[in-house]
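Q: My structure file structure-v9.csv, CSV, C-alpha atoms and all ligand atoms, is below:
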```
chain,number,residue,atom,x,y,z
A,25,MET,CA,0.0,0.0,0.0
A,26,ILE,CA,1.3,3.5,-0.8
A,27,SER,CA,1.3,5.6,2.3
A,28,LYS,CA,-0.4,9.0,2.0
A,29,GLU,CA,1.6,12.1,2.0
A,30,GLU,CA,2.3,13.5,5.4
A,31,ARG,CA,0.5,16.6,6.6
A,32,THR,CA,1.6,18.8,9.5
A,33,GLY,CA,0.2,22.0,10.9
A,34,LEU,CA,0.9,24.4,13.7
A,35,VAL,CA,-2.4,25.4,15.3
A,36,ALA,CA,-2.4,28.2,17.9
A,37,ILE,CA,-5.2,28.4,20.4
A,38,ILE,CA,-5.7,32.0,21.1
A,39,GLY,CA,-8.3,33.8,23.2
A,40,ARG,CA,-9.0,35.9,26.3
A,41,THR,CA,-8.0,34.4,29.6
A,42,ASN,CA,-10.3,31.8,31.0
A,43,VAL,CA,-12.3,31.0,27.9
A,44,GLY,CA,-11.2,27.4,28.0
A,45,LYS,CA,-8.1,27.0,25.8
A,46,SER,CA,-6.2,24.6,28.0
A,47,THR,CA,-9.3,22.5,28.7
A,48,LEU,CA,-9.7,22.1,24.9
A,49,LEU,CA,-6.1,21.2,24.4
A,50,ASN,CA,-6.4,18.4,27.0
A,51,ASP,CA,-9.6,17.2,25.2
A,52,PHE,CA,-7.7,16.9,22.0
A,53,LEU,CA,-4.9,15.0,23.6
A,54,GLN,CA,-7.1,13.0,25.9
A,55,GLN,CA,-4.8,13.7,28.7
A,56,LYS,CA,-3.9,16.6,30.9
A,57,ILE,CA,-0.8,18.4,29.7
A,58,SER,CA,-2.0,21.9,30.4
A,59,ILE,CA,-3.3,23.0,33.8
A,60,THR,CA,-6.7,24.7,34.0
A,61,SER,CA,-8.7,26.5,36.6
A,62,ARG,CA,-11.6,28.8,37.0
A,63,LYS,CA,-9.2,31.6,37.9
A,64,PRO,CA,-7.9,33.8,35.0
A,65,GLN,CA,-4.3,33.7,33.9
A,66,THR,CA,-3.6,30.2,34.9
A,67,THR,CA,-1.5,29.4,31.8
A,68,ARG,CA,1.8,31.3,31.7
A,69,HIS,CA,3.9,29.6,29.1
A,70,ARG,CA,3.7,28.6,25.5
A,71,LEU,CA,3.2,24.9,25.5
A,72,LEU,CA,2.9,22.5,22.6
A,73,GLY,CA,0.5,19.6,22.5
A,74,ILE,CA,1.2,17.1,19.6
A,75,LYS,CA,-1.4,14.8,18.1
A,76,THR,CA,-0.5,12.4,15.4
A,77,LYS,CA,-3.0,10.3,13.6
A,78,LYS,CA,-1.8,8.4,10.6
A,79,GLU,CA,-0.6,10.9,8.0
A,80,ASN,CA,-1.8,13.9,10.0
A,81,GLN,CA,0.1,15.7,12.7
A,82,ILE,CA,-1.4,18.6,14.5
A,83,VAL,CA,0.9,20.7,16.7
A,84,PHE,CA,-1.2,22.7,19.0
A,85,VAL,CA,0.2,25.8,20.7
A,86,ASP,CA,-1.5,26.6,24.0
A,87,THR,CA,-0.9,30.1,25.1
A,88,PRO,CA,-1.5,32.4,28.1
A,89,GLY,CA,-4.8,34.1,27.8
A,90,PHE,CA,-4.5,37.7,26.6
A,91,HIS,CA,-5.5,40.3,29.2
A,92,ARG,CA,-5.2,44.0,29.2
A,93,GLY,CA,-5.0,46.5,32.0
A,94,HIS,CA,-2.4,44.7,34.1
A,95,LYS,CA,1.0,46.4,34.3
A,96,ARG,CA,3.3,44.0,36.1
A,97,ALA,CA,6.2,42.4,34.3
A,98,LEU,CA,4.6,39.0,34.5
A,99,ASN,CA,1.4,40.2,32.8
A,100,LYS,CA,3.5,41.8,30.0
A,101,TYR,CA,5.5,38.6,29.6
A,102,MET,CA,2.3,36.6,29.3
A,103,ASN,CA,0.7,38.9,26.7
A,104,LYS,CA,3.9,38.9,24.7
A,105,VAL,CA,4.0,35.1,24.7
A,106,ALA,CA,0.3,35.0,23.6
A,107,LEU,CA,0.8,37.4,20.7
A,108,ASN,CA,4.1,35.9,19.6
A,109,SER,CA,2.5,32.5,19.4
A,110,ILE,CA,0.4,33.7,16.4
A,111,GLU,CA,3.5,34.1,14.3
A,112,GLY,CA,4.4,31.3,12.0
A,113,VAL,CA,1.3,29.2,12.6
A,114,ASP,CA,-0.8,27.7,9.9
A,115,ILE,CA,-4.2,27.9,11.6
A,116,VAL,CA,-5.5,30.0,14.5
A,117,LEU,CA,-8.3,28.7,16.7
A,118,PHE,CA,-9.7,31.9,18.0
A,119,MET,CA,-11.7,31.0,21.1
A,120,ILE,CA,-14.5,33.0,22.7
A,121,GLU,CA,-17.2,32.2,25.1
A,122,SER,CA,-20.8,31.7,24.0
A,123,LEU,CA,-22.8,34.9,23.7
A,124,LYS,CA,-19.8,37.1,24.8
A,125,PHE,CA,-17.7,39.2,22.5
A,126,ASP,CA,-16.1,42.1,24.2
A,127,GLU,CA,-13.4,44.6,23.5
A,128,GLU,CA,-10.6,42.3,24.4
A,129,ASP,CA,-11.9,39.7,22.0
A,130,ASN,CA,-12.1,42.3,19.3
A,131,PHE,CA,-8.6,43.5,19.9
A,132,LEU,CA,-7.3,40.0,19.7
A,133,LEU,CA,-9.1,39.3,16.5
A,134,LYS,CA,-7.6,42.4,15.0
A,135,GLN,CA,-4.1,41.2,16.0
A,136,ILE,CA,-4.7,37.8,14.5
A,137,SER,CA,-6.1,39.1,11.2
A,138,LYS,CA,-2.9,41.1,10.6
A,139,ASN,CA,-1.3,37.8,9.8
A,140,THR,CA,-3.5,36.5,7.0
A,141,LYS,CA,-4.0,33.0,8.3
A,142,GLU,CA,-6.9,30.7,8.5
A,143,VAL,CA,-8.9,31.6,11.5
A,144,ILE,CA,-11.4,29.1,12.9
A,145,LEU,CA,-13.8,30.7,15.4
A,146,VAL,CA,-14.4,28.4,18.3
A,147,ILE,CA,-17.3,29.3,20.4
A,148,ASN,CA,-16.8,27.5,23.8
A,149,LYS,CA,-19.1,26.9,26.8
A,150,ILE,CA,-22.2,26.3,24.8
A,151,ASP,CA,-23.4,24.1,27.6
A,152,LYS,CA,-24.1,27.4,29.5
A,153,THR,CA,-26.3,28.6,26.7
A,154,THR,CA,-29.6,26.8,27.0
A,155,SER,CA,-31.4,28.6,24.2
A,156,LYS,CA,-30.6,28.0,20.5
A,157,ASN,CA,-32.5,31.2,19.8
A,158,ASP,CA,-29.7,33.1,21.4
A,159,LEU,CA,-26.8,31.2,19.9
A,160,LEU,CA,-27.8,31.4,16.3
A,161,PRO,CA,-28.1,35.2,16.0
A,162,PHE,CA,-24.8,35.4,17.9
A,163,ILE,CA,-23.1,33.1,15.3
A,164,LYS,CA,-24.7,35.0,12.4
A,165,SER,CA,-23.5,38.4,13.5
A,166,LEU,CA,-20.0,37.1,14.0
A,167,SER,CA,-19.9,35.4,10.6
A,168,GLU,CA,-20.9,38.7,9.1
A,169,SER,CA,-18.2,40.7,10.9
A,170,PHE,CA,-15.2,38.6,9.9
A,171,ASN,CA,-14.2,36.1,7.3
A,172,PHE,CA,-13.7,33.0,9.5
A,173,ALA,CA,-12.7,29.8,7.8
A,174,GLU,CA,-15.2,28.1,9.9
A,175,ILE,CA,-17.3,28.6,13.0
A,176,VAL,CA,-17.5,25.7,15.5
A,177,PRO,CA,-19.6,25.9,18.7
A,178,ILE,CA,-18.2,23.5,21.3
A,179,SER,CA,-18.2,22.7,25.0
A,180,ALA,CA,-14.6,21.8,26.0
A,181,LEU,CA,-15.9,20.8,29.4
A,182,LYS,CA,-18.6,18.4,28.2
A,183,LYS,CA,-16.5,17.4,25.2
A,184,THR,CA,-19.2,18.4,22.7
A,185,ASN,CA,-18.3,18.9,19.0
A,186,ILE,CA,-14.6,18.3,19.7
A,187,GLU,CA,-14.4,15.7,16.9
A,188,ASP,CA,-16.0,18.2,14.4
A,189,LEU,CA,-13.5,20.8,15.3
A,190,GLU,CA,-10.6,18.3,14.9
A,191,GLN,CA,-12.0,17.5,11.4
A,192,ALA,CA,-12.1,21.1,10.5
A,193,ILE,CA,-8.5,21.4,11.4
A,194,ILE,CA,-7.4,18.2,9.6
A,195,HIS,CA,-9.1,19.5,6.4
A,196,ARG,CA,-6.8,22.5,6.5
A,197,LEU,CA,-3.5,20.9,7.4
A,198,PRO,CA,-0.8,21.8,4.9
A,199,LYS,CA,1.4,19.2,3.3
A,200,GLY,CA,4.6,18.7,5.2
A,201,LYS,CA,6.8,16.3,7.0
A,202,HIS,CA,6.0,15.6,10.6
A,203,LEU,CA,7.9,17.6,13.1
A,204,TYR,CA,7.7,15.2,16.1
A,205,GLN,CA,7.7,11.5,16.6
A,206,GLU,CA,4.2,10.0,16.6
A,207,ASP,CA,4.2,9.1,20.3
A,208,GLN,CA,5.4,12.5,21.5
A,209,VAL,CA,2.5,14.5,23.1
A,210,THR,CA,4.3,17.7,24.3
A,211,ASP,CA,7.5,19.6,24.1
A,212,LYS,CA,7.7,20.0,27.8
A,213,THR,CA,9.5,17.8,30.3
A,214,GLU,CA,8.0,15.8,33.2
A,215,ARG,CA,9.8,18.2,35.5
A,216,PHE,CA,7.8,21.1,34.0
A,217,LEU,CA,4.6,19.2,34.1
A,218,ALA,CA,5.2,18.4,37.8
A,219,SER,CA,5.7,22.1,38.7
A,220,GLU,CA,2.5,23.0,36.8
A,221,ILE,CA,0.4,20.3,38.5
A,222,ILE,CA,1.7,21.6,41.9
A,223,ARG,CA,0.8,25.1,40.9
A,224,GLU,CA,-2.7,24.1,39.8
A,225,LYS,CA,-3.4,22.3,43.2
A,226,CYS,CA,-2.3,25.5,45.0
A,227,ILE,CA,-4.3,27.8,42.8
A,228,THR,CA,-7.5,25.9,43.4
A,229,ARG,CA,-7.0,25.9,47.2
A,230,VAL,CA,-6.1,29.5,47.9
A,231,GLY,CA,-8.2,32.8,47.6
A,232,ASP,CA,-8.2,35.1,44.7
A,233,GLU,CA,-5.0,37.0,45.2
A,234,VAL,CA,-2.3,34.4,45.8
A,235,PRO,CA,-2.6,32.6,42.4
A,236,TYR,CA,-1.2,35.6,40.5
A,237,ARG,CA,1.7,35.8,42.9
A,238,LEU,CA,2.7,32.2,42.9
A,239,ALA,CA,5.5,30.4,41.2
A,240,VAL,CA,6.7,26.8,41.6
A,241,ILE,CA,10.3,25.8,41.2
A,242,ILE,CA,11.4,22.1,41.2
A,243,ASP,CA,14.5,21.9,43.4
A,244,GLN,CA,15.1,18.2,43.0
A,245,TYR,CA,13.7,15.5,40.7
A,246,TYR,CA,15.3,12.1,40.8
A,247,GLU,CA,14.2,8.6,40.2
A,248,GLU,CA,15.0,5.6,42.3
A,249,LYS,CA,13.9,2.1,41.3
A,250,ARG,CA,10.3,2.3,42.5
A,251,ILE,CA,9.8,5.9,43.4
A,252,THR,CA,10.4,9.3,42.0
A,253,HIS,CA,11.4,12.0,44.5
A,254,ILE,CA,10.3,15.5,43.9
A,255,VAL,CA,11.2,18.5,46.0
A,256,ALA,CA,9.6,21.8,45.1
A,257,THR,CA,9.5,25.4,46.4
A,258,LEU,CA,6.3,27.5,46.2
A,259,PHE,CA,7.3,31.1,45.9
A,260,VAL,CA,4.9,33.9,46.9
A,261,GLU,CA,5.5,37.6,47.3
A,262,LYS,CA,4.6,38.3,51.0
A,263,ASN,CA,4.6,36.7,54.4
A,264,SER,CA,0.8,36.9,54.5
A,265,GLN,CA,0.6,34.9,51.3
A,266,LYS,CA,3.0,32.3,52.7
A,267,GLY,CA,0.7,32.0,55.7
A,268,ILE,CA,-2.3,31.4,53.4
A,269,VAL,CA,-0.5,28.7,51.4
A,270,ILE,CA,0.7,26.9,54.5
A,271,GLY,CA,-2.7,27.2,56.3
A,272,GLN,CA,-3.5,26.5,59.9
A,273,LYS,CA,-1.1,24.0,61.4
A,274,GLY,CA,0.1,23.3,57.8
A,275,LYS,CA,-3.2,21.9,56.8
A,276,ARG,CA,-3.5,23.6,53.4
A,277,LEU,CA,0.0,22.8,52.3
A,278,LYS,CA,-0.6,19.2,53.2
A,279,SER,CA,-3.8,19.1,51.1
A,280,ILE,CA,-1.9,20.8,48.2
A,281,GLY,CA,0.8,18.1,48.5
A,282,THR,CA,-1.6,15.2,48.7
A,283,ALA,CA,-3.6,16.3,45.7
A,284,ALA,CA,-0.5,17.1,43.7
A,285,ARG,CA,1.1,13.7,44.5
A,286,LYS,CA,-2.0,11.8,43.4
A,287,ASN,CA,-2.4,13.8,40.2
A,288,LEU,CA,1.4,13.3,39.4
A,289,GLU,CA,1.2,9.6,40.0
A,290,GLU,CA,-1.7,9.4,37.6
A,291,ALA,CA,-0.1,11.7,35.0
A,292,LEU,CA,3.4,10.2,35.1
A,293,GLY,CA,2.4,6.6,35.9
A,294,LYS,CA,4.9,6.4,38.7
A,295,LYS,CA,5.0,6.4,42.5
A,296,ILE,CA,5.9,9.8,43.7
A,297,MET,CA,7.4,11.1,47.0
A,298,LEU,CA,6.7,14.8,47.2
A,299,LYS,CA,8.2,17.4,49.5
A,300,LEU,CA,7.0,21.1,49.4
A,301,TRP,CA,8.5,24.2,50.8
A,302,VAL,CA,7.1,27.7,50.8
A,303,LYS,CA,9.3,30.8,50.5
A,304,VAL,CA,8.8,34.6,50.0
A,305,LYS,CA,10.5,36.4,47.1
A,306,LYS,CA,9.4,39.9,47.4
A,307,ASP,CA,7.6,41.4,44.3
A,308,TRP,CA,8.9,38.7,42.0
A,309,THR,CA,6.1,39.2,39.5
A,310,ASP,CA,7.5,42.7,38.8
A,311,ASP,CA,11.1,41.8,38.8
A,312,GLN,CA,12.5,40.4,35.5
A,313,LYS,CA,15.6,39.0,37.1
A,314,ALA,CA,13.6,37.0,39.6
A,315,MET,CA,11.2,35.9,36.8
A,316,ASN,CA,14.1,34.6,34.8
A,317,VAL,CA,15.0,32.3,37.6
A,318,MET,CA,11.4,31.2,37.9
A,319,GLY,CA,11.4,30.3,34.2
A,320,TYR,CA,9.5,33.3,32.8
A,321,LYS,CA,12.2,34.4,30.5
A,322,VAL,CA,11.5,36.4,27.3
A,323,GLY,CA,13.3,35.4,24.1
B,401,LIG,P1,-7.9,29.2,29.6
B,401,LIG,O1,-7.5,30.3,30.5
B,401,LIG,O2,-8.5,29.8,28.4
B,401,LIG,O3,-6.8,28.2,29.3
B,401,LIG,O4,-9.1,28.5,30.3
B,401,LIG,P2,-9.1,27.1,31.1
B,401,LIG,O5,-9.0,25.9,30.2
B,401,LIG,O6,-8.1,27.1,32.3
B,401,LIG,O7,-10.6,27.1,31.7
B,401,LIG,C1,-11.1,28.1,32.5
B,401,LIG,C2,-12.3,27.7,33.2
B,401,LIG,O8,-13.4,27.5,32.3
B,401,LIG,C3,-12.2,26.4,34.0
B,401,LIG,O9,-12.8,26.4,35.2
B,401,LIG,C4,-12.8,25.3,33.1
B,401,LIG,O10,-13.3,24.2,33.7
B,401,LIG,C5,-14.0,26.2,32.5
B,401,LIG,N1,-14.4,25.7,31.2
B,401,LIG,C6,-13.7,25.3,30.1
B,401,LIG,N2,-14.5,24.9,29.1
B,401,LIG,C7,-15.7,25.0,29.5
B,401,LIG,C8,-17.0,24.7,28.9
B,401,LIG,O11,-17.1,24.2,27.8
B,401,LIG,N3,-18.1,24.9,29.7
B,401,LIG,C9,-18.1,25.4,30.9
B,401,LIG,N4,-19.2,25.6,31.6
B,401,LIG,N5,-16.9,25.7,31.5
B,401,LIG,C10,-15.7,25.5,30.8
B,402,MG,MG,-4.9,28.1,29.9
```
Could you render the structure as structure tokens?
Ligand code: GDP
Ligand code: MG

A:
Amino acid sequence: MISKEERTGLVAIIGRTNVGKSTLLNDFLQQKISITSRKPQTTRHRLLGIKTKKENQIVFVDTPGFHRGHKRALNKYMNKVALNSIEGVDIVLFMIESLKFDEEDNFLLKQISKNTKEVILVINKIDKTTSKNDLLPFIKSLSESFNFAEIVPISALKKTNIEDLEQAIIHRLPKGKHLYQEDQVTDKTERFLASEIIREKCITRVGDEVPYRLAVIIDQYYEEKRITHIVATLFVEKNSQKGIVIGQKGKRLKSIGTAARKNLEEALGKKIMLKLWVKVKKDWTDDQKAMNVMGYKVG
């Protein structure tokens, strides 16, 4: 049998923060490689998710959500990563939430359309829209406002229409040799995934302020015969935040550790021994030098 010609495409998932980009990426890959939460600005890095099916290879680019009106160095870094990710891709999945299209969405769409690429509009969270009478006019007005290659309403959470969206992408994949081996799912290391999972467990257990001031650094990561040892430090900006993360009698930190260990064992398929520390690094989110150390380096 003659094998079909390979097709490979870079597909960026772009959208406002919290619209569901990372949830969608995990759907496509059927595993968690990008952390998600109901709090905005969870994703901070550019992260690749690779899906290879026979002759087709889709290289998804998950990005930090774009957000305006924040002036700290970390916010600028995240916006830069988001906008840079549009360059050089074949297809953009522009994601919005059902029935919402605000100024930030509009700004982003303008940025995307500067590079004449195929833009697929992905309308997420349709599970929250009960009436079709609302959704259809919304779709119609968007289709009139911009020349989208396609418009696909989905629910990333309920996994509705994900297959249709994948087909829409596959139809548009350019010819080209695969960039990654067929069993590779991400460009990131296990060590990186570990730090992200720990950060996610912390984000979901603290109030609204700490997540934006939190970074996780892996101090040690080594494997023994039956167990992988991970030692990590959670950095926050103030003593009060350190107190929140640790909790009364260390309860919260313990719960973060237990949840992270369980999730890590599941994600990595290994037994994990996890030790967490909490430290204060004053104002690190506005200090490029400190950010470099934490892995938020531009360029
Ligand atoms: P990102 O910032 O764009 O990467 O968004 P996330 O993937 O982190 O998701 C943000 C929040 O929206 C999380 O709480 C998700 O569970 C939730 N979410 C994602 N997709 C859907 C969806 O289709 N329906 C609903 N109701 N919630 C969703
Ligand atoms: Mg995300």

Q: Which residues are close to range 59-71 of chain A, i.e. within 6 Å by all atoms listed in the file, leaving aside same-chain residues fewer than 4 positions away? Reply as number ranges by chain.

A: A: 41-42, 85-88, 102

Q: For CA of Ala192 in chain A and CA of Ser167 in chain A, quote the distance in Å rounded to one decimal.

A: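 The value is 16.3 Å.
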
Q: Could I get the residue neighbourhood of ligand LIG 401 (chain B) at 10 Å, counting only C-alpha atoms and all ligand atoms, as a ChimeraX atom specification?

A: /A:37-51,58-68,86-90,119-122,147-153,177-184,224,228

Q: Counting only C-alpha atoms, find residues at most 12 Å from (-2.1, 8.7, 10.5) (file frame) and give them as an MDAnalysis selection string.

A: chainID A and resid 27:32 75:82 194 202 205:207

Q: Rounded to one decimal, what separation in Å do you get between CA of Val146 in chain A and CA of Asn185 in chain A?

A: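 If I compute the distance from CA of Val146 in chain A to CA of Asn185 in chain A, I get 10.3 Å.
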
Q: Name the residues in contact with range 246-260 of chain A at a cut-off of 6 Å, using all atoms listed in the file, excluding same-chain residues fewer than 2 positions from it; report them as a list of chain:residue names.

A: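 Skipping anything fewer than 2 positions along the chain leaves A:Arg237, A:Leu238, A:Ala239, A:Val240, A:Ile241, A:Ile242, A:Asp243, A:Gln244, A:Lys295, A:Ile296, A:Met297, A:Leu298, A:Lys299, A:Leu300, A:Trp301, A:Val302, A:Lys303, A:Val304.
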
Q: Can you measure CA of Arg229 in chain A to atom MG of ligand MG 402 (chain B) for me? One decimal in Å is fine.

A: 17.6 Å

Q: Which is closer to Val116 in chain A than all the others in A:Val83, A:Ala36, A:Leu166, A:Ala218, using all atoms listed in the file?

A: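 Closest candidate: A:Ala36.
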
Q: For Asn171 in chain A, which of A:Ser137, A:Gln54, A:Thr154, A:Thr210 is the closest residue, counting only C-alpha atoms?

A: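 Residue with the minimum atom-to-atom distance to Asn171 in chain A: A:Ser137.
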
Q: Choose the residue, out of A:Lys321, A:Lys56, A:Arg196, A:Lys201, that has the smallest atom-to-atom separation from ligand MG 402 (chain B); count all atoms listed in the file.

A: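 For ligand MG 402 (chain B), the nearest of the candidates is A:Lys56.
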